[in-house]
file target.cif (mmCIF, C-alpha atoms (C1' of nucleotides))
data_run
loop_
_atom_site.group_PDB
_atom_site.id
_atom_site.type_symbol
_atom_site.label_atom_id
_atom_site.label_comp_id
_atom_site.auth_asym_id
_atom_site.auth_seq_id
_atom_site.Cartn_x
_atom_site.Cartn_y
_atom_site.Cartn_z
ATOM 1 C CA MET E 28 7.955 11.059 31.265
ATOM 2 C CA LYS E 29 8.732 7.742 32.870
ATOM 3 C CA THR E 30 5.838 5.755 34.227
ATOM 4 C CA SER E 31 5.431 6.421 37.942
ATOM 5 C CA SER E 32 5.277 3.613 40.455
ATOM 6 C CA VAL E 33 1.608 4.267 41.123
ATOM 7 C CA GLU E 34 0.887 3.951 37.423
ATOM 8 C CA LEU E 35 2.824 0.679 37.201
ATOM 9 C CA ILE E 36 0.814 -0.822 40.027
ATOM 10 C CA ILE E 37 -2.457 0.363 38.484
ATOM 11 C CA LEU E 38 -1.504 -1.280 35.184
ATOM 12 C CA ASP E 39 -0.688 -4.458 37.050
ATOM 13 C CA LEU E 40 -4.014 -4.400 38.890
ATOM 14 C CA LEU E 41 -5.876 -3.899 35.623
ATOM 15 C CA SER E 42 -3.889 -6.508 33.715
ATOM 16 C CA HIS E 43 -6.014 -9.377 35.003
ATOM 17 C CA GLU E 44 -8.389 -10.830 32.501
ATOM 18 C CA GLN E 45 -10.627 -7.970 31.426
ATOM 19 C CA ALA E 46 -10.649 -6.317 34.842
ATOM 20 C CA HIS E 47 -13.021 -3.387 35.142
ATOM 21 C CA LEU E 48 -12.388 -1.595 38.407
ATOM 22 C CA THR E 49 -13.740 1.619 39.881
ATOM 23 C CA ALA E 50 -11.407 4.292 41.213
ATOM 24 C CA GLN E 51 -12.311 3.259 44.747
ATOM 25 C CA GLU E 52 -11.501 -0.401 44.121
ATOM 26 C CA ILE E 53 -8.190 0.553 42.546
ATOM 27 C CA TYR E 54 -7.363 2.778 45.516
ATOM 28 C CA GLN E 55 -8.228 0.005 48.023
ATOM 29 C CA GLN E 56 -6.028 -2.521 46.231
ATOM 30 C CA LEU E 57 -3.211 -0.029 45.703
ATOM 31 C CA LYS E 58 -3.080 0.728 49.420
ATOM 32 C CA LEU E 59 -2.210 -2.897 50.069
ATOM 33 C CA ARG E 60 1.050 -2.336 48.187
ATOM 34 C CA LEU E 61 1.624 1.376 48.930
ATOM 35 C CA PRO E 62 0.040 2.029 52.348
ATOM 36 C CA ALA E 63 0.969 5.722 52.273
ATOM 37 C CA VAL E 64 -0.620 6.436 48.915
ATOM 38 C CA ASN E 65 -3.088 9.327 48.896
ATOM 39 C CA PRO E 66 -6.456 9.094 47.149
ATOM 40 C CA SER E 67 -5.795 12.295 45.206
ATOM 41 C CA THR E 68 -2.671 10.682 43.763
ATOM 42 C CA VAL E 69 -4.742 7.768 42.487
ATOM 43 C CA TYR E 70 -7.359 9.999 40.903
ATOM 44 C CA ARG E 71 -4.624 12.051 39.211
ATOM 45 C CA ALA E 72 -2.793 8.973 37.969
ATOM 46 C CA LEU E 73 -6.019 7.574 36.479
ATOM 47 C CA GLU E 74 -6.621 10.897 34.759
ATOM 48 C CA ARG E 75 -3.093 10.956 33.301
ATOM 49 C CA MET E 76 -3.259 7.345 32.161
ATOM 50 C CA ALA E 77 -6.649 7.770 30.529
ATOM 51 C CA HIS E 78 -5.505 10.843 28.648
ATOM 52 C CA ALA E 79 -2.332 9.032 27.571
ATOM 53 C CA GLY E 80 -4.421 6.161 26.223
ATOM 54 C CA LYS E 81 -3.021 3.580 28.635
ATOM 55 C CA ILE E 82 -6.410 2.838 30.186
ATOM 56 C CA SER E 83 -9.978 3.351 29.107
ATOM 57 C CA VAL E 84 -12.773 4.891 31.162
ATOM 58 C CA SER E 85 -16.320 3.606 30.881
ATOM 59 C CA ASP E 86 -19.664 3.888 32.590
ATOM 60 C CA MET E 87 -20.928 0.369 33.237
ATOM 61 C CA GLY E 88 -23.830 1.450 35.409
ATOM 62 C CA ARG E 89 -22.095 0.582 38.651
ATOM 63 C CA GLY E 90 -22.475 4.070 40.076
ATOM 64 C CA ALA E 91 -18.949 5.120 39.220
ATOM 65 C CA MET E 92 -16.778 4.978 36.119
ATOM 66 C CA VAL E 93 -14.705 1.841 35.643
ATOM 67 C CA TYR E 94 -11.191 1.570 34.325
ATOM 68 C CA GLU E 95 -9.566 -1.030 32.116
ATOM 69 C CA ALA E 96 -6.124 -1.502 30.662
ATOM 70 C CA VAL E 97 -5.841 -0.767 26.960
ATOM 71 C CA GLY E 98 -3.784 -3.193 24.954
ATOM 72 C CA GLY E 99 -5.476 -6.536 25.117
ATOM 73 C CA GLU E 100 -7.903 -7.650 22.467
ATOM 74 C CA ARG E 101 -10.399 -4.874 21.926
ATOM 75 C CA HIS E 102 -13.853 -5.774 23.150
ATOM 76 C CA HIS E 103 -17.166 -4.175 24.038
ATOM 77 C CA HIS E 104 -20.089 -4.983 26.309
ATOM 78 C CA LEU E 105 -23.830 -5.134 26.504
ATOM 79 C CA VAL E 106 -24.983 -4.380 30.059
ATOM 80 C CA CYS E 107 -28.448 -5.257 31.320
ATOM 81 C CA GLN E 108 -29.797 -2.370 33.374
ATOM 82 C CA ASP E 109 -32.240 -4.607 35.222
ATOM 83 C CA CYS E 110 -30.055 -7.474 36.441
ATOM 84 C CA GLY E 111 -26.632 -6.052 35.700
ATOM 85 C CA ALA E 112 -25.527 -8.944 33.480
ATOM 86 C CA VAL E 113 -22.528 -8.078 31.318
ATOM 87 C CA MET E 114 -22.099 -9.614 27.870
ATOM 88 C CA THR E 115 -18.910 -9.286 25.915
ATOM 89 C CA ILE E 116 -19.482 -8.707 22.239
ATOM 90 C CA GLU E 117 -17.306 -9.056 19.161
ATOM 91 C CA ASP E 118 -15.321 -6.099 17.913
ATOM 92 C CA ARG E 119 -15.899 -6.512 14.175
ATOM 93 C CA PRO E 120 -19.306 -4.821 13.780
ATOM 94 C CA VAL E 121 -18.319 -2.063 16.194
ATOM 95 C CA ASN E 122 -15.061 -1.545 14.340
ATOM 96 C CA GLU E 123 -16.964 -1.309 11.055
ATOM 97 C CA LEU E 124 -19.083 1.490 12.501
ATOM 98 C CA PHE E 125 -15.999 3.277 13.818
ATOM 99 C CA ARG E 126 -14.199 3.029 10.433
ATOM 100 C CA TYR E 127 -17.271 4.355 8.642
ATOM 101 C CA LEU E 128 -17.605 7.301 11.062
ATOM 102 C CA GLU E 129 -13.899 8.106 10.792
ATOM 103 C CA GLY E 130 -14.186 8.429 7.054
ATOM 104 C CA ARG E 131 -17.526 10.193 7.079
ATOM 105 C CA TYR E 132 -16.562 12.827 9.660
ATOM 106 C CA HIS E 133 -12.757 12.960 9.321
ATOM 107 C CA PHE E 134 -12.490 11.872 12.893
ATOM 108 C CA GLU E 135 -9.804 9.832 14.596
ATOM 109 C CA MET E 136 -11.627 7.416 16.906
ATOM 110 C CA ILE E 137 -10.075 6.836 20.305
ATOM 111 C CA THR E 138 -12.952 5.142 22.118
ATOM 112 C CA ASN E 139 -12.119 1.461 22.272
ATOM 113 C CA HIS E 140 -14.390 0.123 24.984
ATOM 114 C CA LEU E 141 -18.022 0.551 24.094
ATOM 115 C CA ILE E 142 -20.705 -0.068 26.692
ATOM 116 C CA LEU E 143 -24.287 -0.351 25.527
ATOM 117 C CA PHE E 144 -27.219 -0.565 27.941
ATOM 118 C CA GLY E 145 -30.420 -2.520 27.520
ATOM 119 C CA ARG E 146 -32.171 -5.594 28.784
ATOM 120 C CA CYS E 147 -30.985 -9.155 28.469
ATOM 121 C CA GLN E 148 -33.104 -12.052 27.244
ATOM 122 C CA ASN E 149 -34.013 -13.190 30.760
ATOM 123 C CA CYS E 150 -35.175 -9.784 31.918
ATOM 124 C CA GLN E 151 -37.213 -9.298 28.750
ATOM 125 C CA LYS E 152 -39.092 -12.535 29.582
ATOM 126 C CA VAL E 153 -39.629 -11.549 33.206
ATOM 127 C CA SER E 154 -40.970 -8.188 32.142
ATOM 128 C CA GLU E 155 -43.360 -9.753 29.638
ATOM 129 C CA SER E 156 -44.777 -12.239 32.128
ATOM 130 C CA GLY E 157 -45.133 -9.411 34.623
ATOM 131 C CA ARG E 158 -47.324 -7.521 32.177
ATOM 132 C CA GLN E 159 -49.625 -10.427 31.502
ATOM 133 C CA MET P 22 -47.026 7.433 39.619
ATOM 134 C CA LYS P 23 -47.651 10.948 38.517
ATOM 135 C CA THR P 24 -44.701 13.009 37.422
ATOM 136 C CA SER P 25 -43.489 15.172 40.298
ATOM 137 C CA SER P 26 -43.096 18.905 39.912
ATOM 138 C CA VAL P 27 -39.315 18.613 40.079
ATOM 139 C CA GLU P 28 -39.403 16.107 37.243
ATOM 140 C CA LEU P 29 -41.629 18.379 35.158
ATOM 141 C CA ILE P 30 -39.225 21.275 35.545
ATOM 142 C CA ILE P 31 -36.253 19.060 34.681
ATOM 143 C CA LEU P 32 -37.997 17.908 31.514
ATOM 144 C CA ASP P 33 -38.702 21.520 30.641
ATOM 145 C CA LEU P 34 -35.078 22.528 31.218
ATOM 146 C CA LEU P 35 -33.901 19.657 29.014
ATOM 147 C CA SER P 36 -36.465 20.265 26.267
ATOM 148 C CA HIS P 37 -34.410 22.977 24.627
ATOM 149 C CA GLU P 38 -32.741 21.989 21.412
ATOM 150 C CA GLN P 39 -30.484 19.076 22.309
ATOM 151 C CA ALA P 40 -29.617 20.399 25.764
ATOM 152 C CA HIS P 41 -26.996 18.360 27.566
ATOM 153 C CA LEU P 42 -26.780 19.514 31.158
ATOM 154 C CA THR P 43 -24.857 18.216 34.167
ATOM 155 C CA ALA P 44 -26.611 17.524 37.462
ATOM 156 C CA GLN P 45 -25.112 20.690 38.892
ATOM 157 C CA GLU P 46 -26.343 22.846 36.016
ATOM 158 C CA ILE P 47 -29.812 21.347 36.328
ATOM 159 C CA TYR P 48 -29.802 22.025 40.082
ATOM 160 C CA GLN P 49 -28.693 25.648 39.584
ATOM 161 C CA GLN P 50 -31.442 26.334 37.037
ATOM 162 C CA LEU P 51 -34.061 24.454 39.046
ATOM 163 C CA LYS P 52 -33.350 26.611 42.105
ATOM 164 C CA LEU P 53 -34.391 29.676 40.141
ATOM 165 C CA ARG P 54 -37.915 28.238 39.951
ATOM 166 C CA LEU P 55 -37.955 26.233 43.223
ATOM 167 C CA PRO P 56 -35.641 28.117 45.622
ATOM 168 C CA ALA P 57 -36.260 25.594 48.432
ATOM 169 C CA VAL P 58 -35.336 22.531 46.380
ATOM 170 C CA ASN P 59 -32.692 20.288 47.931
ATOM 171 C CA PRO P 60 -29.776 18.929 45.874
ATOM 172 C CA SER P 61 -30.539 15.367 47.015
ATOM 173 C CA THR P 62 -34.030 15.705 45.541
ATOM 174 C CA VAL P 63 -32.542 16.631 42.172
ATOM 175 C CA TYR P 64 -30.107 13.732 42.187
ATOM 176 C CA ARG P 65 -32.929 11.354 43.102
ATOM 177 C CA ALA P 66 -35.249 12.721 40.436
ATOM 178 C CA LEU P 67 -32.534 12.325 37.778
ATOM 179 C CA GLU P 68 -32.014 8.747 38.884
ATOM 180 C CA ARG P 69 -35.756 7.962 38.680
ATOM 181 C CA MET P 70 -36.131 9.625 35.305
ATOM 182 C CA ALA P 71 -33.119 7.874 33.808
ATOM 183 C CA HIS P 72 -34.337 4.514 34.994
ATOM 184 C CA ALA P 73 -37.805 5.255 33.631
ATOM 185 C CA GLY P 74 -36.329 6.100 30.253
ATOM 186 C CA LYS P 75 -37.446 9.715 30.296
ATOM 187 C CA ILE P 76 -33.894 11.044 30.101
ATOM 188 C CA SER P 77 -30.583 9.621 29.006
ATOM 189 C CA VAL P 78 -27.298 9.787 30.900
ATOM 190 C CA SER P 79 -24.015 10.185 29.055
ATOM 191 C CA ASP P 80 -20.382 10.920 29.686
ATOM 192 C CA MET P 81 -19.318 13.702 27.344
ATOM 193 C CA GLY P 82 -15.949 14.251 28.974
ATOM 194 C CA ARG P 83 -17.055 17.338 30.856
ATOM 195 C CA GLY P 84 -16.074 15.903 34.209
ATOM 196 C CA ALA P 85 -19.609 14.884 35.130
ATOM 197 C CA MET P 86 -22.383 12.933 33.426
ATOM 198 C CA VAL P 87 -24.773 14.956 31.296
ATOM 199 C CA TYR P 88 -28.506 14.495 30.962
ATOM 200 C CA GLU P 89 -30.764 14.850 27.966
ATOM 201 C CA ALA P 90 -34.460 14.426 27.369
ATOM 202 C CA VAL P 91 -35.432 11.284 25.491
ATOM 203 C CA GLY P 92 -38.049 11.678 22.837
ATOM 204 C CA GLY P 93 -36.682 13.995 20.225
ATOM 205 C CA GLU P 94 -34.954 12.691 17.161
ATOM 206 C CA ARG P 95 -32.352 10.198 18.239
ATOM 207 C CA HIS P 96 -28.835 11.382 17.693
ATOM 208 C CA HIS P 97 -25.281 10.620 18.726
ATOM 209 C CA HIS P 98 -22.047 12.542 19.054
ATOM 210 C CA LEU P 99 -18.370 12.456 18.323
ATOM 211 C CA VAL P 100 -16.435 14.354 20.988
ATOM 212 C CA CYS P 101 -12.876 15.574 20.502
ATOM 213 C CA GLN P 102 -10.885 14.916 23.653
ATOM 214 C CA ASP P 103 -8.336 17.559 22.802
ATOM 215 C CA CYS P 104 -10.445 20.619 22.023
ATOM 216 C CA GLY P 105 -13.811 19.405 23.238
ATOM 217 C CA ALA P 106 -15.606 19.936 19.925
ATOM 218 C CA VAL P 107 -18.896 18.054 19.696
ATOM 219 C CA MET P 108 -20.161 16.704 16.373
ATOM 220 C CA THR P 109 -23.651 15.349 15.966
ATOM 221 C CA ILE P 110 -23.784 12.263 13.800
ATOM 222 C CA GLU P 111 -26.561 10.510 11.935
ATOM 223 C CA ASP P 112 -28.484 7.743 13.626
ATOM 224 C CA ARG P 113 -28.713 5.318 10.697
ATOM 225 C CA PRO P 114 -25.323 3.554 10.944
ATOM 226 C CA VAL P 115 -25.553 3.448 14.739
ATOM 227 C CA ASN P 116 -29.059 2.051 14.529
ATOM 228 C CA GLU P 117 -27.860 -0.617 12.105
ATOM 229 C CA LEU P 118 -25.245 -1.721 14.632
ATOM 230 C CA PHE P 119 -27.832 -1.755 17.424
ATOM 231 C CA ARG P 120 -30.296 -3.851 15.365
ATOM 232 C CA TYR P 121 -27.548 -6.315 14.469
ATOM 233 C CA LEU P 122 -26.458 -6.673 18.116
ATOM 234 C CA GLU P 123 -30.065 -7.094 19.271
ATOM 235 C CA GLY P 124 -30.536 -10.024 16.937
ATOM 236 C CA ARG P 125 -27.118 -11.520 17.526
ATOM 237 C CA TYR P 126 -27.294 -11.422 21.336
ATOM 238 C CA HIS P 127 -31.085 -11.429 21.983
ATOM 239 C CA PHE P 128 -30.713 -8.088 23.652
ATOM 240 C CA GLU P 129 -33.137 -5.206 23.882
ATOM 241 C CA MET P 130 -31.116 -2.042 23.331
ATOM 242 C CA ILE P 131 -31.984 0.938 25.522
ATOM 243 C CA THR P 132 -28.950 3.136 24.926
ATOM 244 C CA ASN P 133 -30.076 5.904 22.594
ATOM 245 C CA HIS P 134 -27.413 8.550 22.996
ATOM 246 C CA LEU P 135 -24.008 7.295 21.954
ATOM 247 C CA ILE P 136 -20.921 9.346 22.694
ATOM 248 C CA LEU P 137 -17.673 8.394 20.979
ATOM 249 C CA PHE P 138 -14.380 10.015 21.833
ATOM 250 C CA GLY P 139 -11.496 10.789 19.519
ATOM 251 C CA ARG P 140 -9.795 13.682 17.809
ATOM 252 C CA CYS P 141 -11.301 16.020 15.284
ATOM 253 C CA GLN P 142 -9.746 16.962 11.964
ATOM 254 C CA ASN P 143 -8.245 20.190 13.326
ATOM 255 C CA CYS P 144 -6.575 18.549 16.294
ATOM 256 C CA GLN P 145 -5.205 15.787 14.104
ATOM 257 C CA LYS P 146 -3.487 18.446 11.983
ATOM 258 C CA VAL P 147 -2.126 20.325 15.000
ATOM 259 C CA SER P 148 -0.736 17.111 16.404
ATOM 260 C CA GLU P 149 0.939 16.224 13.131
ATOM 261 C CA SER P 150 2.611 19.591 12.702
ATOM 262 C CA GLY P 151 3.711 19.420 16.300
ATOM 263 C CA ARG P 152 5.526 16.206 15.528
ATOM 264 C CA GLN P 153 7.339 17.558 12.505
ATOM 265 C "C1'" DA L 13 28.085 13.534 40.498
ATOM 266 C "C1'" DT L 14 25.643 17.742 40.870
ATOM 267 C "C1'" DT L 15 22.186 20.955 39.854
ATOM 268 C "C1'" DG L 16 18.022 22.620 37.987
ATOM 269 C "C1'" DA L 17 13.578 21.648 35.956
ATOM 270 C "C1'" DA L 18 9.569 19.019 35.607
ATOM 271 C "C1'" DA L 19 6.433 15.780 37.349
ATOM 272 C "C1'" DA L 20 4.419 13.210 41.040
ATOM 273 C "C1'" DT L 21 2.859 13.070 45.591
ATOM 274 C "C1'" DG L 22 0.695 14.116 50.251
ATOM 275 C "C1'" DC L 23 -2.151 17.023 52.898
ATOM 276 C "C1'" DA L 24 -5.994 19.638 53.843
ATOM 277 C "C1'" DA L 25 -9.759 22.004 52.232
ATOM 278 C "C1'" DG L 26 -13.431 22.205 49.175
ATOM 279 C "C1'" DT L 27 -17.090 20.506 46.015
ATOM 280 C "C1'" DA L 28 -20.130 16.992 44.152
ATOM 281 C "C1'" DT L 29 -22.871 13.253 45.100
ATOM 282 C "C1'" DT L 30 -25.094 9.742 48.004
ATOM 283 C "C1'" DT L 31 -27.594 7.977 51.965
ATOM 284 C "C1'" DG L 32 -30.411 7.443 56.270
ATOM 285 C "C1'" DC L 33 -34.125 9.271 58.577
ATOM 286 C "C1'" DA L 34 -38.081 11.977 59.401
ATOM 287 C "C1'" DT L 35 -41.562 14.803 57.399
ATOM 288 C "C1'" DT L 36 -44.599 16.247 53.795
ATOM 289 C "C1'" DA L 37 -47.248 15.598 49.703
ATOM 290 C "C1'" DA L 38 -49.749 12.872 46.527
ATOM 291 C "C1'" DA L 39 -52.356 8.914 45.315
ATOM 292 C "C1'" DA L 40 -55.309 5.125 46.324
ATOM 293 C "C1'" DT L 41 -58.804 3.042 48.976
ATOM 294 C "C1'" DA L 42 -62.844 2.845 51.861
ATOM 295 C "C1'" DT N 26 -64.650 13.114 52.449
ATOM 296 C "C1'" DA N 27 -61.491 10.795 55.371
ATOM 297 C "C1'" DT N 28 -57.975 7.613 56.053
ATOM 298 C "C1'" DT N 29 -54.229 4.848 54.728
ATOM 299 C "C1'" DT N 30 -50.499 3.901 51.793
ATOM 300 C "C1'" DT N 31 -46.909 5.209 48.773
ATOM 301 C "C1'" DA N 32 -43.739 8.363 46.900
ATOM 302 C "C1'" DA N 33 -41.262 12.611 47.085
ATOM 303 C "C1'" DT N 34 -38.831 15.808 49.684
ATOM 304 C "C1'" DG N 35 -35.650 18.264 53.048
ATOM 305 C "C1'" DC N 36 -32.058 17.909 56.293
ATOM 306 C "C1'" DA N 37 -27.833 16.473 57.944
ATOM 307 C "C1'" DA N 38 -24.270 13.374 57.749
ATOM 308 C "C1'" DA N 39 -21.328 10.675 55.091
ATOM 309 C "C1'" DT N 40 -18.722 9.338 51.061
ATOM 310 C "C1'" DA N 41 -16.523 10.122 46.639
ATOM 311 C "C1'" DC N 42 -13.915 13.072 44.137
ATOM 312 C "C1'" DT N 43 -11.332 17.498 43.012
ATOM 313 C "C1'" DT N 44 -8.192 21.267 43.821
ATOM 314 C "C1'" DG N 45 -4.576 24.449 45.717
ATOM 315 C "C1'" DC N 46 -0.278 24.452 47.738
ATOM 316 C "C1'" DA N 47 3.981 22.782 49.421
ATOM 317 C "C1'" DT N 48 7.161 19.037 49.419
ATOM 318 C "C1'" DT N 49 9.384 15.136 47.459
ATOM 319 C "C1'" DT N 50 10.867 12.444 43.686
ATOM 320 C "C1'" DT N 51 12.341 11.766 39.146
ATOM 321 C "C1'" DC N 52 14.407 13.219 34.950
ATOM 322 C "C1'" DA N 53 17.385 16.020 32.082
ATOM 323 C "C1'" DA N 54 21.304 18.846 31.479
ATOM 324 C "C1'" DT N 55 25.881 20.107 32.698
#
call {"tool": "encode", "arguments": {"input": "target.cif", "output": "structure tokens"}}
result
Amino acid sequence: MKTSSVELIILDLLSHEQAHLTAQEIYQQLKLRLPAVNPSTVYRALERMAHAGKISVSDMGRGAMVYEAVGGERHHHLVCQDCGAVMTIEDRPVNELFRYLEGRYHFEMITNHLILFGRCQNCQKVSESGRQ
Amino acid sequence: MKTSSVELIILDLLSHEQAHLTAQEIYQQLKLRLPAVNPSTVYRALERMAHAGKISVSDMGRGAMVYEAVGGERHHHLVCQDCGAVMTIEDRPVNELFRYLEGRYHFEMITNHLILFGRCQNCQKVSESGRQ
DNA sequence: ATTGAAAATGCAAGTATTTGCATTAAAATA
DNA sequence: TATTTTAATGCAAATACTTGCATTTTCAAT
């Protein structure tokens, strides 16, 4: 089926450089262009687009899932759960793991936006000095 | 601080073999033992426990995050987004990726329950025959 | 161009989750 | 043991999100 106007606007909103937006943020920005849009329409469009592989859904520890357009260079993130810092990491080692798992388990990987939680270098130092 | 009684019951509920429960399921089962418990108490306890590293929080595509006790043998899953099948996978290749990323980015990995989405062997076949 | 079918949308109601505030319980201190 | 402090809890309200139903819009077929 043809892409609906709501979906086109969502893709446009997410096309900015590596934008990760929550459903709420997308709804707020969509309303600027389509004042009559209903929240349930936005949630349904996000669901359709995620299932169709147009956007990816990830938990980045912001209290709600975030959405991102699929299509740009694949990338992944390390997220610090203390300070919230987000680090973009290279795709190669992640892709190697995915290829290995696909062969090992006869699985077709769809995940393309990996988020891994931990603590960044700064927060590790702060925690160590706090213990001393 | 000492573990609260709600937290103890949650840990008990999650101690069954690789139980992955949503907040709602945990609340329903908790009420059987603590009829007066308030949903907000459960949500708060889950938040405390996740931040303390006692439980892990994951999106397994069930429409809500699922919780699991941390402490057993670390494992990860492949989840089919068509039929919902869940495959447990070995930790070794995932751990190798985590160790590499820790060194490369000076990051202390906390994530210990990786969920990767894709399509299982059966659903790949169904999709192919559907296309023919 | 018209008609019918399918999909998207809005509305209202419902459910899941979060938050502010006050109270209760547990822990620490004297 | 008593008191104070801290954390957990319940309640109600609020927010985020989902769902059922009817309507509108879009697409496909004629």
call {"tool": "interface_residues", "arguments": {"input": "target.cif", "of": "chain E", "to": "chain N", "cutoff": "12 Å", "atoms": "all atoms listed in the file", "output": "PDB file with C-alpha atoms, in the coordinates of the input"}}
result
ATOM      1  CA  MET E  28       7.955  11.059  31.265  1.00  0.00           C
ATOM      2  CA  LYS E  29       8.732   7.742  32.870  1.00  0.00           C
ATOM      3  CA  THR E  30       5.838   5.755  34.227  1.00  0.00           C
ATOM      4  CA  SER E  31       5.431   6.421  37.942  1.00  0.00           C
ATOM      5  CA  SER E  32       5.277   3.613  40.455  1.00  0.00           C
ATOM      6  CA  THR E  49     -13.740   1.619  39.881  1.00  0.00           C
ATOM      7  CA  ALA E  50     -11.407   4.292  41.213  1.00  0.00           C
ATOM      8  CA  GLN E  51     -12.311   3.259  44.747  1.00  0.00           C
ATOM      9  CA  GLU E  52     -11.501  -0.401  44.121  1.00  0.00           C
ATOM     10  CA  TYR E  54      -7.363   2.778  45.516  1.00  0.00           C
ATOM     11  CA  PRO E  66      -6.456   9.094  47.149  1.00  0.00           C
ATOM     12  CA  SER E  67      -5.795  12.295  45.206  1.00  0.00           C
ATOM     13  CA  THR E  68      -2.671  10.682  43.763  1.00  0.00           C
ATOM     14  CA  VAL E  69      -4.742   7.768  42.487  1.00  0.00           C
ATOM     15  CA  TYR E  70      -7.359   9.999  40.903  1.00  0.00           C
ATOM     16  CA  ARG E  71      -4.624  12.051  39.211  1.00  0.00           C
ATOM     17  CA  GLU E  74      -6.621  10.897  34.759  1.00  0.00           C
ATOM     18  CA  GLY E  90     -22.475   4.070  40.076  1.00  0.00           C
ATOM     19  CA  ALA E  91     -18.949   5.120  39.220  1.00  0.00           C
ATOM     20  CA  MET E  92     -16.778   4.978  36.119  1.00  0.00           C
TER      21      MET E  92
END
call {"tool": "atom_distance", "arguments": {"input": "target.cif", "atom1": "atom CA of Glu129 of chain P", "atom2": "atom CA of Arg146 of chain E"}}
result
5.0 Å
call {"tool": "atom_distance", "arguments": {"input": "target.cif", "atom1": "atom CA of Glu44 of chain E", "atom2": "atom CA of Lys81 of chain E"}}
result
15.9 Å
call {"tool": "closest_atom_pairs", "arguments": {"input": "target.cif", "of": "chain P", "to": "chain E", "cutoff": "7 Å", "atoms": "all atoms listed in the file", "output": "Markdown table"}}
result
| residue | atom | partner | partner_atom | distance |
| --- | --- | --- | --- | --- |
| P:Pro114 | CA | E:Leu124 | CA | 6.8 |
| P:Leu118 | CA | E:Pro120 | CA | 6.8 |
| P:His127 | CA | E:Gln148 | CA | 5.7 |
| P:Phe128 | CA | E:Cys147 | CA | 4.9 |
| P:Glu129 | CA | E:Arg146 | CA | 5.0 |
| P:Met130 | CA | E:Gly145 | CA | 4.3 |
| P:Ile131 | CA | E:Gly145 | CA | 4.3 |
| P:Thr132 | CA | E:Phe144 | CA | 5.1 |
| P:Leu137 | CA | E:Thr138 | CA | 5.8 |
| P:Phe138 | CA | E:Thr138 | CA | 5.1 |
| P:Gly139 | CA | E:Met136 | CA | 4.3 |
| P:Arg140 | CA | E:Glu135 | CA | 5.0 |
| P:Cys141 | CA | E:Phe134 | CA | 4.9 |
| P:Gln142 | CA | E:His133 | CA | 5.7 |
call {"tool": "interface_residues", "arguments": {"input": "target.cif", "of": "chain L", "to": "chain P", "cutoff": "12 Å", "atoms": "only C-alpha atoms (C1' of nucleotides)", "output": "PDB file with C-alpha atoms (C1' of nucleotides), keeping the file's coordinate frame"}}
result
ATOM      1  C1'  DT L  27     -17.090  20.506  46.015  1.00  0.00           C
ATOM      2  C1'  DA L  28     -20.130  16.992  44.152  1.00  0.00           C
ATOM      3  C1'  DT L  29     -22.871  13.253  45.100  1.00  0.00           C
ATOM      4  C1'  DT L  30     -25.094   9.742  48.004  1.00  0.00           C
ATOM      5  C1'  DT L  31     -27.594   7.977  51.965  1.00  0.00           C
ATOM      6  C1'  DA L  37     -47.248  15.598  49.703  1.00  0.00           C
ATOM      7  C1'  DA L  38     -49.749  12.872  46.527  1.00  0.00           C
ATOM      8  C1'  DA L  39     -52.356   8.914  45.315  1.00  0.00           C
ATOM      9  C1'  DA L  40     -55.309   5.125  46.324  1.00  0.00           C
TER      10       DA L  40
END
call {"tool": "atom_distance", "arguments": {"input": "target.cif", "atom1": "atom CA of Arg119 of chain E", "atom2": "atom CA of Asp112 of chain P"}}
result
19.0 Å
call {"tool": "decode", "arguments": {"input": "target.cif", "residues": "segment 57-65 of chain E", "atoms": "N, CA and C atoms", "output": "JSON list (two decimals), in the first residue's frame"}}
result
[["chain", "number", "residue", "atom", "x", "y", "z"],
["E", 57, "LEU", "N", 4.82, 16.28, 14.69],
["E", 57, "LEU", "CA", 3.87, 16.00, 13.61],
["E", 57, "LEU", "C", 2.69, 16.97, 13.68],
["E", 58, "LYS", "N", 2.25, 17.27, 14.89],
["E", 58, "LYS", "CA", 1.11, 18.16, 15.07],
["E", 58, "LYS", "C", 1.35, 19.54, 14.50],
["E", 59, "LEU", "N", 2.64, 19.93, 14.43],
["E", 59, "LEU", "CA", 2.96, 21.23, 13.86],
["E", 59, "LEU", "C", 2.58, 21.26, 12.38],
["E", 60, "ARG", "N", 2.68, 20.11, 11.71],
["E", 60, "ARG", "CA", 2.37, 20.05, 10.29],
["E", 60, "ARG", "C", 0.95, 19.54, 10.02],
["E", 61, "LEU", "N", 0.43, 18.69, 10.90],
["E", 61, "LEU", "CA", -0.92, 18.15, 10.75],
["E", 61, "LEU", "C", -1.64, 18.35, 12.07],
["E", 62, "PRO", "N", -2.14, 19.55, 12.33],
["E", 62, "PRO", "CA", -2.75, 19.89, 13.62],
["E", 62, "PRO", "C", -3.87, 18.95, 14.05],
["E", 63, "ALA", "N", -4.56, 18.34, 13.08],
["E", 63, "ALA", "CA", -5.70, 17.48, 13.44],
["E", 63, "ALA", "C", -5.31, 16.05, 13.72],
["E", 64, "VAL", "N", -4.05, 15.73, 13.54],
["E", 64, "VAL", "CA", -3.62, 14.33, 13.71],
["E", 64, "VAL", "C", -3.90, 13.82, 15.11],
["E", 65, "ASN", "N", -4.36, 12.56, 15.19],
["E", 65, "ASN", "CA", -4.69, 11.95, 16.47],
["E", 65, "ASN", "C", -3.53, 11.09, 16.96]]
